[in-house]
>>> print(open('model.csv').read())   # CSV, C-alpha atoms and all ligand atoms
chain,number,residue,atom,x,y,z
K,884,MET,CA,-6.5,-16.5,-10.2
K,885,LEU,CA,-9.3,-15.3,-7.9
K,886,THR,CA,-9.7,-11.5,-7.5
K,887,ILE,CA,-11.4,-9.8,-4.6
K,888,ALA,CA,-12.7,-6.3,-5.4
K,889,SER,CA,-15.2,-3.9,-4.0
K,890,ASP,CA,-17.1,-0.9,-5.4
K,891,ALA,CA,-16.8,1.1,-2.1
K,892,HIS,CA,-13.5,2.6,-3.3
K,893,ARG,CA,-15.5,5.1,-5.4
K,894,ARG,CA,-16.5,6.9,-2.2
K,895,HIS,CA,-12.9,8.2,-2.1
K,896,HIS,CA,-12.0,10.4,-5.1
K,897,PRO,CA,-9.6,13.2,-4.4
K,898,ARG,CA,-9.6,16.0,-7.0
K,899,GLU,CA,-7.6,18.9,-5.5
K,900,PRO,CA,-4.1,19.4,-6.9
K,901,PHE,CA,-1.2,19.0,-4.4
K,902,HIS,CA,2.5,19.9,-4.3
K,903,ASP,CA,4.8,17.3,-5.9
K,904,PHE,CA,8.5,18.1,-6.5
K,905,GLY,CA,7.7,21.8,-6.9
K,906,ARG,CA,4.8,21.4,-9.2
K,907,MET,CA,1.0,21.3,-8.6
K,908,VAL,CA,-0.3,18.0,-9.8
K,909,ALA,CA,-3.8,16.5,-10.1
K,910,PRO,CA,-4.3,13.4,-7.8
K,911,PRO,CA,-3.4,10.3,-9.8
K,912,GLU,CA,-4.9,7.8,-7.3
K,913,VAL,CA,-8.4,7.8,-8.8
K,914,PRO,CA,-11.3,5.3,-9.1
K,915,GLU,CA,-10.6,4.7,-12.8
K,916,ARG,CA,-7.5,2.8,-11.7
K,917,VAL,CA,-9.7,0.0,-10.5
K,918,ASP,CA,-11.8,0.1,-13.6
K,919,ARG,CA,-8.7,-0.3,-15.8
K,920,ILE,CA,-7.4,-3.2,-13.7
K,921,LEU,CA,-10.8,-5.0,-13.8
K,922,ASP,CA,-11.0,-4.4,-17.6
K,923,ALA,CA,-7.6,-6.1,-18.0
K,924,ILE,CA,-8.6,-9.0,-15.7
K,925,HIS,CA,-11.7,-9.7,-17.7
K,926,HIS,CA,-9.9,-9.2,-21.0
K,927,ALA,CA,-7.2,-11.7,-20.0
K,928,ASP,CA,-9.8,-14.1,-18.5
K,929,LEU,CA,-7.7,-14.3,-15.3
K,930,GLY,CA,-10.5,-15.8,-13.3
K,931,GLU,CA,-13.5,-15.0,-11.0
K,932,VAL,CA,-13.9,-11.6,-9.4
K,933,ARG,CA,-15.7,-11.8,-6.1
K,934,ALA,CA,-16.9,-9.2,-3.6
K,935,PRO,CA,-15.4,-9.0,-0.1
K,936,GLU,CA,-17.0,-10.0,3.2
K,937,GLU,CA,-16.9,-7.6,6.2
K,938,HIS,CA,-14.3,-8.4,8.8
K,939,GLY,CA,-15.1,-5.7,11.4
K,940,ALA,CA,-12.7,-3.5,13.4
K,941,GLU,CA,-10.7,-6.2,15.3
K,942,PRO,CA,-8.1,-7.0,12.6
K,943,VAL,CA,-7.6,-3.3,11.9
K,944,LEU,CA,-7.0,-2.5,15.6
K,945,ALA,CA,-4.5,-5.3,15.7
K,946,VAL,CA,-2.3,-3.1,13.5
K,947,HIS,CA,-3.5,0.5,13.9
K,948,ALA,CA,-3.8,2.5,17.1
K,949,LEU,CA,-7.4,2.9,18.4
K,950,ASP,CA,-7.1,6.8,18.6
K,951,TYR,CA,-6.0,6.9,14.9
K,952,VAL,CA,-8.8,4.6,13.7
K,953,GLU,CA,-11.4,6.7,15.6
K,954,PHE,CA,-9.9,9.9,14.1
K,955,LEU,CA,-10.1,8.5,10.5
K,956,GLU,CA,-13.7,7.4,11.0
K,957,GLN,CA,-14.9,10.8,12.2
K,958,ALA,CA,-12.3,13.2,10.7
K,959,HIS,CA,-14.5,14.5,7.9
K,960,ALA,CA,-17.6,15.1,10.1
K,961,GLN,CA,-15.4,16.9,12.6
K,962,TRP,CA,-13.8,18.9,9.8
K,963,ARG,CA,-17.2,20.0,8.5
K,964,ASP,CA,-18.4,20.9,12.1
K,965,GLU,CA,-15.3,22.9,13.0
K,966,THR,CA,-14.6,24.7,9.7
K,967,GLY,CA,-18.0,24.9,8.1
K,968,ALA,CA,-16.6,23.2,5.0
K,969,ALA,CA,-18.9,21.5,2.6
K,970,GLU,CA,-19.7,17.8,2.3
K,971,ASP,CA,-17.6,17.5,-0.9
K,972,SER,CA,-14.6,19.4,0.6
K,973,GLU,CA,-11.2,17.8,1.2
K,974,ALA,CA,-9.7,18.0,4.7
K,975,VAL,CA,-5.9,18.6,4.5
K,976,ALA,CA,-3.2,19.0,7.1
K,977,TYR,CA,-1.3,22.3,7.1
K,978,ALA,CA,0.1,22.4,10.7
K,979,ARG,CA,2.5,20.0,12.4
K,980,ALA,CA,3.9,19.7,15.9
K,981,ILE,CA,7.5,20.7,16.7
K,982,ARG,CA,9.6,17.6,17.7
K,983,ASP,CA,10.6,17.1,21.3
K,984,GLN,CA,8.5,19.9,22.8
K,985,PRO,CA,5.7,19.9,25.4
K,986,PHE,CA,2.7,18.2,23.9
K,987,GLU,CA,-1.0,18.2,24.6
K,988,GLU,CA,-3.3,15.8,22.8
K,989,PRO,CA,-4.7,17.5,19.7
K,990,VAL,CA,-8.3,18.6,19.9
K,991,HIS,CA,-9.1,20.7,16.9
K,992,ILE,CA,-9.5,18.8,13.6
K,993,VAL,CA,-6.7,20.9,11.9
K,994,ALA,CA,-4.3,19.8,14.7
K,995,LYS,CA,-5.5,16.2,14.4
K,996,LEU,CA,-4.9,16.2,10.6
K,997,GLY,CA,-1.3,17.3,11.2
K,998,TRP,CA,-0.8,14.9,14.0
K,999,TYR,CA,-2.1,11.8,12.2
K,1000,SER,CA,-0.5,12.3,8.8
K,1001,HIS,CA,3.0,12.4,7.4
K,1002,ASP,CA,2.3,14.3,4.2
K,1003,THR,CA,-0.5,16.4,2.7
K,1004,ASP,CA,-3.1,13.8,1.6
K,1005,PRO,CA,-6.7,14.7,2.0
K,1006,ILE,CA,-9.5,13.1,3.9
K,1007,LEU,CA,-12.9,13.1,2.1
K,1008,THR,CA,-16.3,12.3,3.4
K,1009,GLY,CA,-16.1,8.8,1.9
K,1010,THR,CA,-12.5,8.0,2.8
K,1011,TRP,CA,-13.2,5.9,5.8
K,1012,GLU,CA,-15.8,3.8,3.9
K,1013,ALA,CA,-13.4,3.2,1.0
K,1014,ALA,CA,-10.3,2.5,3.2
K,1015,SER,CA,-12.2,0.0,5.5
K,1016,SER,CA,-13.6,-1.7,2.5
K,1017,ALA,CA,-10.1,-2.1,1.0
K,1018,VAL,CA,-9.1,-3.9,4.3
K,1019,ASP,CA,-12.1,-6.2,3.8
K,1020,VAL,CA,-10.8,-6.9,0.2
K,1021,ALA,CA,-7.4,-7.9,1.6
K,1022,LEU,CA,-8.7,-10.0,4.4
K,1023,SER,CA,-11.3,-11.7,2.2
K,1024,ALA,CA,-8.5,-12.6,-0.3
K,1025,TRP,CA,-6.4,-13.9,2.7
K,1026,ASP,CA,-9.4,-16.0,3.8
K,1027,ALA,CA,-9.6,-17.5,0.3
K,1028,ILE,CA,-6.0,-18.8,0.8
K,1029,THR,CA,-6.2,-19.9,4.4
K,1030,THR,CA,-9.7,-21.4,4.4
K,1031,GLY,CA,-10.8,-21.4,0.8
K,1032,GLY,CA,-8.2,-23.7,-0.7
K,1033,GLU,CA,-6.7,-21.1,-3.1
K,1034,ARG,CA,-2.9,-21.0,-3.5
K,1035,SER,CA,-2.7,-17.4,-4.7
K,1036,VAL,CA,-5.3,-14.6,-4.6
K,1037,TYR,CA,-5.3,-11.0,-5.8
K,1038,ALA,CA,-6.7,-8.3,-3.5
K,1039,LEU,CA,-7.7,-5.3,-5.7
K,1040,CYS,CA,-7.3,-2.8,-2.9
K,1041,ARG,CA,-8.1,0.9,-3.3
K,1042,PRO,CA,-7.0,3.1,-1.6
K,1043,PRO,CA,-3.6,1.5,-1.3
K,1044,GLY,CA,-2.0,0.9,2.1
K,1045,HIS,CA,1.7,0.6,2.3
K,1046,HIS,CA,2.5,4.2,3.3
K,1047,ALA,CA,0.0,4.0,6.2
K,1048,ALA,CA,1.8,3.6,9.5
K,1049,ALA,CA,0.3,2.4,12.8
K,1050,ASP,CA,-1.1,5.9,13.6
K,1051,SER,CA,-0.7,8.1,10.5
K,1052,PHE,CA,-1.7,8.3,6.9
K,1053,ALA,CA,0.1,9.5,3.8
K,1054,GLY,CA,0.9,8.6,0.2
K,1055,TYR,CA,-2.8,8.0,-0.8
K,1056,CYS,CA,-2.8,5.3,2.0
K,1057,TYR,CA,-5.0,5.3,5.2
K,1058,LEU,CA,-5.2,1.8,6.4
K,1059,ASN,CA,-2.4,-0.6,5.7
K,1060,ASN,CA,-4.2,-3.4,3.8
K,1061,ALA,CA,-1.1,-5.6,3.4
K,1062,ALA,CA,0.0,-5.2,7.0
K,1063,ILE,CA,-3.4,-6.0,8.3
K,1064,ALA,CA,-3.6,-9.2,6.2
K,1065,ALA,CA,0.0,-10.2,7.1
K,1066,HIS,CA,-0.7,-9.7,10.8
K,1067,ALA,CA,-3.9,-11.8,10.6
K,1068,TRP,CA,-1.8,-14.5,9.0
K,1069,THR,CA,0.7,-14.4,11.9
K,1070,ASP,CA,-2.3,-14.5,14.3
K,1071,ALA,CA,-3.2,-17.8,12.7
K,1072,GLY,CA,0.3,-19.1,13.6
K,1073,ALA,CA,2.2,-18.4,10.3
K,1074,ARG,CA,5.6,-16.8,9.7
K,1075,VAL,CA,5.0,-14.2,6.9
K,1076,ALA,CA,7.2,-12.4,4.4
K,1077,ILE,CA,6.1,-9.2,2.8
K,1078,LEU,CA,7.7,-8.4,-0.6
K,1079,ASP,CA,7.0,-4.7,-1.5
K,1080,VAL,CA,7.7,-4.1,-5.2
K,1081,ASP,CA,6.0,-0.7,-5.4
K,1082,TYR,CA,8.2,2.1,-6.8
K,1083,HIS,CA,8.0,3.8,-3.4
K,1084,HIS,CA,9.4,2.4,-0.2
K,1085,GLY,CA,6.6,0.9,2.0
K,1086,ASN,CA,7.5,3.1,5.0
K,1087,GLY,CA,4.2,2.4,6.8
K,1088,THR,CA,4.6,-1.4,6.5
K,1089,GLN,CA,8.2,-1.2,7.7
K,1090,GLN,CA,7.3,0.9,10.7
K,1091,ILE,CA,4.5,-1.5,11.7
K,1092,PHE,CA,6.7,-4.6,11.7
K,1093,TYR,CA,10.1,-3.0,12.5
K,1094,THR,CA,10.4,-4.6,16.0
K,1095,ARG,CA,8.9,-8.0,15.1
K,1096,ASP,CA,10.7,-11.2,14.1
K,1097,ASP,CA,7.6,-13.1,12.8
K,1098,VAL,CA,7.1,-10.8,9.7
K,1099,LEU,CA,10.0,-10.2,7.3
K,1100,PHE,CA,9.7,-7.0,5.3
K,1101,VAL,CA,11.6,-6.8,2.0
K,1102,SER,CA,11.3,-3.8,-0.2
K,1103,LEU,CA,12.6,-2.8,-3.7
K,1104,HIS,CA,12.1,0.9,-4.4
K,1105,ALA,CA,13.5,4.3,-5.5
K,1106,ASP,CA,16.3,5.7,-3.4
K,1107,PRO,CA,14.6,7.6,-0.5
K,1108,ALA,CA,17.5,10.0,-0.4
K,1109,VAL,CA,16.0,11.6,-3.6
K,1110,ASP,CA,12.5,10.3,-3.8
K,1111,TYR,CA,9.2,9.9,-2.0
K,1112,PRO,CA,8.5,8.9,0.8
K,1113,PHE,CA,12.0,10.1,1.9
K,1114,PHE,CA,13.3,9.5,5.5
K,1115,LEU,CA,12.9,5.7,5.4
K,1116,GLY,CA,13.9,2.9,3.1
K,1117,PHE,CA,17.7,3.0,3.2
K,1118,ALA,CA,19.8,-0.1,2.9
K,1119,GLY,CA,21.1,0.3,6.5
K,1120,GLU,CA,17.7,-0.2,8.1
K,1121,HIS,CA,17.5,-3.8,9.4
K,1122,GLY,CA,14.9,-3.7,12.2
K,1123,TRP,CA,15.1,-3.1,15.9
K,1124,GLY,CA,15.2,-5.4,19.0
K,1125,ALA,CA,13.5,-8.7,18.2
K,1126,GLY,CA,13.0,-7.4,14.7
K,1127,GLU,CA,16.8,-7.0,14.0
K,1128,GLY,CA,17.4,-8.7,10.6
K,1129,ALA,CA,13.7,-8.9,9.6
K,1130,THR,CA,13.7,-5.7,7.5
K,1131,ARG,CA,15.7,-5.6,4.2
K,1132,ASN,CA,15.7,-2.6,1.8
K,1133,PHE,CA,16.9,-2.5,-1.8
K,1134,PRO,CA,17.0,1.2,-2.7
K,1135,LEU,CA,17.6,1.5,-6.5
K,1136,PRO,CA,18.7,4.5,-8.6
K,1137,HIS,CA,16.4,6.4,-11.0
K,1138,GLY,CA,16.5,4.8,-14.5
K,1139,THR,CA,16.6,1.3,-13.1
K,1140,ASP,CA,15.4,-1.1,-15.8
K,1141,TRP,CA,14.7,-4.9,-15.7
K,1142,VAL,CA,18.4,-5.8,-15.6
K,1143,GLY,CA,19.1,-3.9,-12.4
K,1144,TYR,CA,15.7,-4.7,-11.0
K,1145,ALA,CA,16.0,-8.4,-11.6
K,1146,ASP,CA,19.3,-8.5,-9.7
K,1147,ALA,CA,17.7,-6.9,-6.7
K,1148,LEU,CA,14.7,-9.1,-6.9
K,1149,ALA,CA,16.9,-12.2,-6.9
K,1150,SER,CA,18.6,-11.0,-3.7
K,1151,ALA,CA,15.2,-10.2,-2.2
K,1152,ALA,CA,14.0,-13.7,-3.1
K,1153,ALA,CA,17.0,-15.2,-1.5
K,1154,THR,CA,16.4,-13.2,1.7
K,1155,ILE,CA,12.8,-14.5,1.8
K,1156,THR,CA,13.9,-18.1,1.2
K,1157,ARG,CA,16.3,-17.8,4.2
K,1158,PHE,CA,13.5,-16.5,6.4
K,1159,ALA,CA,11.5,-19.7,5.5
K,1160,PRO,CA,8.0,-18.2,5.7
K,1161,ASP,CA,4.7,-20.0,5.6
K,1162,GLY,CA,3.1,-17.4,3.4
K,1163,LEU,CA,3.9,-14.4,1.2
K,1164,VAL,CA,2.2,-11.0,0.9
K,1165,VAL,CA,3.2,-9.0,-2.1
K,1166,SER,CA,2.6,-5.3,-2.0
K,1167,LEU,CA,2.0,-5.0,-5.7
K,1168,GLY,CA,2.7,-1.5,-7.0
K,1169,VAL,CA,3.3,-1.2,-10.7
K,1170,ASP,CA,4.4,2.5,-10.6
K,1171,THR,CA,7.8,1.1,-11.6
K,1172,ALA,CA,6.6,1.1,-15.2
K,1173,ALA,CA,8.5,3.2,-17.8
K,1174,GLU,CA,5.2,4.9,-18.7
K,1175,ASP,CA,4.5,6.0,-15.1
K,1176,PRO,CA,5.6,9.5,-14.1
K,1177,ASP,CA,8.1,8.0,-11.6
K,1178,GLY,CA,11.7,7.1,-12.3
K,1179,PHE,CA,12.0,3.4,-13.2
K,1180,GLU,CA,12.0,1.8,-16.6
K,1181,LEU,CA,10.2,-1.5,-16.4
K,1182,ARG,CA,8.3,-2.7,-19.6
K,1183,GLY,CA,5.2,-4.8,-20.0
K,1184,ASP,CA,7.0,-8.2,-20.4
K,1185,ASP,CA,9.1,-7.4,-17.4
K,1186,TYR,CA,6.0,-7.9,-15.2
K,1187,LEU,CA,5.6,-11.4,-16.5
K,1188,ARG,CA,9.2,-12.1,-15.3
K,1189,MET,CA,8.4,-10.5,-12.0
K,1190,GLY,CA,5.4,-12.8,-11.6
K,1191,GLU,CA,7.6,-15.8,-12.4
K,1192,ALA,CA,10.3,-14.8,-10.0
K,1193,ILE,CA,7.7,-14.5,-7.2
K,1194,ALA,CA,6.2,-17.9,-8.1
K,1195,SER,CA,9.7,-19.4,-7.8
K,1196,LEU,CA,9.5,-18.8,-4.1
K,1197,GLY,CA,6.8,-21.6,-4.0
K,1198,LEU,CA,4.7,-19.9,-1.3
K,1199,PRO,CA,1.0,-19.3,-0.8
K,1200,THR,CA,0.8,-15.7,-2.1
K,1201,LEU,CA,-1.5,-12.9,-1.4
K,1202,PHE,CA,-1.1,-10.1,-3.9
K,1203,VAL,CA,-2.3,-6.7,-2.5
K,1204,GLN,CA,-2.7,-3.8,-4.9
K,1205,GLU,CA,-0.6,-0.7,-4.1
K,1206,GLY,CA,0.4,2.0,-6.6
K,1207,GLY,CA,0.5,2.3,-10.4
K,1208,TYR,CA,-0.8,5.5,-12.1
K,1209,CYS,CA,-0.4,5.3,-15.8
K,1210,LEU,CA,-3.9,4.3,-16.7
K,1211,ASP,CA,-3.0,3.0,-20.2
K,1212,VAL,CA,-0.6,0.3,-18.9
K,1213,LEU,CA,-1.7,-0.2,-15.3
K,1214,GLY,CA,-4.1,-3.1,-16.0
K,1215,ARG,CA,-1.8,-4.9,-18.4
K,1216,ASN,CA,1.1,-4.7,-16.0
K,1217,VAL,CA,-0.9,-6.0,-13.0
K,1218,VAL,CA,-2.3,-8.9,-15.1
K,1219,ASN,CA,1.1,-9.7,-16.4
K,1220,VAL,CA,2.4,-10.2,-12.8
K,1221,LEU,CA,-0.6,-12.3,-11.8
K,1222,GLY,CA,-0.6,-14.3,-15.1
K,1223,GLY,CA,3.1,-14.8,-15.1
K,1224,HIS,CA,2.9,-16.0,-11.5
K,1225,GLU,CA,0.0,-18.3,-12.3
K,1226,GLN,CA,1.7,-19.9,-15.3
K,1227,ALA,CA,5.0,-20.5,-13.5
K,1228,ALA,CA,3.2,-21.8,-10.4
K,1229,ARG,CA,1.4,-24.5,-12.3
K,1301,ZN,ZN,4.1,3.9,-5.2
>>> encode(input="model.csv", output="structure tokens")
Amino acid sequence: MLTIASDAHRRHHPREPFHDFGRMVAPPEVPERVDRILDAIHHADLGEVRAPEEHGAEPVLAVHALDYVEFLEQAHAQWRDETGAAEDSEAVAYARAIRDQPFEEPVHIVAKLGWYSHDTDPILTGTWEAASSAVDVALSAWDAITTGGERSVYALCRPPGHHAAADSFAGYCYLNNAAIAAHAWTDAGARVAILDVDYHHGNGTQQIFYTRDDVLFVSLHADPAVDYPFFLGFAGEHGWGAGEGATRNFPLPHGTDWVGYADALASAAATITRFAPDGLVVSLGVDTAAEDPDGFELRGDDYLRMGEAIASLGLPTLFVQEGGYCLDVLGRNVVNVLGGHEQAAR
């Protein structure tokens, strides 16, 4: 399988600890994740690894609000200007607006950080460069399917994207790589299904497509009643207006292993088949691994089964990297999904 990957992700390397369930933890979304995945790809001889091509602002602005994109692009420069912080500092939100009160457009960078985020992720001097390159990775992978004759392609995106909403960032995500590629696909006339298998609910992706009937969003994830990202991802969310019926969530309990997971994945696959899409985007997070700090219990071979189950849908498939933080098994699990898919699709 062809992989698209860029080196620009290295410009984004958060190092300051943050609050996570009452503990201070070191950021796990680090450049070494990509190194480990690429090592595994080479080791498994999965196929060619190619650099992305630039796609410009237009596909990004088709999904994200202009004011948000402008904010992301200049946030760190404004942060340095207005706070005197250093080039290598991390800009983090610590103030947020009260709901349903008089509101004036935020002007100061601290207000903007609170306005354009929904957790406490940082913006670094290289965040924009890394995030926009990850979009190019996803779009170049999509190009390889739609115009390059590939049936399935892997976009090794970093930073990930599925928690980024139309106008806010969180969960290590700034631009929604999967959503931008899915939208580009619909722009070319396709009906698209997004299958999000990351441990965490793809709240940003759900928000972006919640009122649309041309993109089906299906997500398997930890129960948002008790786990990040909270607030969204419940089974009762089905979409609004024209999008009614085009969102489907499968919240699963902590401790879910392959038996429970495979059941939900089969229901998710049936939902996708009923939608009859022309193409599939997989938000491929492997933080469902038993070795990951999160609460599911999938094992190495289970990811082969996951790849086979996705292949059984018989669709052109764009895999977009999301989470997965245990460096020792991250590469193996990603390659198992991709390899399992490729074997079964033959
Ligand atoms: Zn995740």
>>> atom_distance(input="model.csv", atom1="CA of His896 (chain K)", atom2="CA of Trp1025 (chain K)")
26.1 Å
>>> residues_around(input="model.csv", residues="region 952-965 of chain K", least_positions_apart="3", cutoff="10 Å", atoms="all atoms listed in the file", output="MDAnalysis selection string")
chainID K and resid 940 943:944 947:949 968:975 991:993 995:996 999 1005:1012 1014:1015 1049:1052 1057:1058
>>> residues_near_ligand(input="model.csv", ligand="ligand ZN 1301 (chain K)", cutoff="12 Å", atoms="all atoms listed in the file", output="number ranges by chain")
K: 911-912, 1042-1046, 1053-1056, 1079-1086, 1102-1105, 1110-1112, 1166-1172, 1175-1179, 1204-1209
>>> residues_around(input="model.csv", residues="Met1189 (chain K)", least_positions_apart="6", cutoff="8 Å", atoms="only C-alpha atoms", output="short mmCIF file (atom, residue, chain, number, x, y, z; two decimals) with C-alpha atoms, in the frame of the given file")
data_model
loop_
_atom_site.label_atom_id
_atom_site.label_comp_id
_atom_site.auth_asym_id
_atom_site.auth_seq_id
_atom_site.Cartn_x
_atom_site.Cartn_y
_atom_site.Cartn_z
CA ALA K 1145 16.00 -8.40 -11.60
CA VAL K 1220 2.40 -10.20 -12.80
CA GLY K 1223 3.10 -14.80 -15.10
CA HIS K 1224 2.90 -16.00 -11.50
#
>>> closest_residue(input="model.csv", among="K:Glu988, K:Asp1019, K:Glu899, K:Glu1180", to="His1137 (chain K)", atoms="only C-alpha atoms")
K:Glu1180
>>> atom_distance(input="model.csv", atom1="CA of Val917 (chain K)", atom2="CA of Glu937 (chain K)")
19.7 Å
>>> residues_around(input="model.csv", residues="Phe901 (chain K)", least_positions_apart="2", cutoff="9 Å", atoms="only C-alpha atoms", output="number ranges by chain")
K: 899, 903, 906-910, 1003-1004
>>> residues_around(input="model.csv", residues="Ala1118 (chain K)", least_positions_apart="6", cutoff="8 Å", atoms="only C-alpha atoms", output="PyMOL selection string")
chain K and resi 1131-1134
>>> closest_residue(input="model.csv", among="K:Leu885, K:Ala1192, K:Ala1173, K:Val1212", to="Arg1034 (chain K)", atoms="all atoms listed in the file")
K:Leu885
>>> atom_distance(input="model.csv", atom1="CA of Val1142 (chain K)", atom2="CA of Asp1185 (chain K)")
9.6 Å
>>> closest_residue(input="model.csv", among="K:Phe904, K:Ala1153, K:His1121, K:Arg916", to="Leu1213 (chain K)", atoms="all atoms listed in the file")
K:Arg916
>>> residues_around(input="model.csv", residues="Thr1094 (chain K)", least_positions_apart="2", cutoff="9 Å", atoms="only C-alpha atoms", output="list in words")
Gln1090, Ile1091, Phe1092, Asp1096, Gly1122, Trp1123, Gly1124, Ala1125, Gly1126, Glu1127 and Ala1129 of chain K
>>> closest_residue(input="model.csv", among="K:Ser1035, K:Phe1117, K:Val1098, K:Val1109", to="Gly1197 (chain K)", atoms="all atoms listed in the file")
K:Ser1035
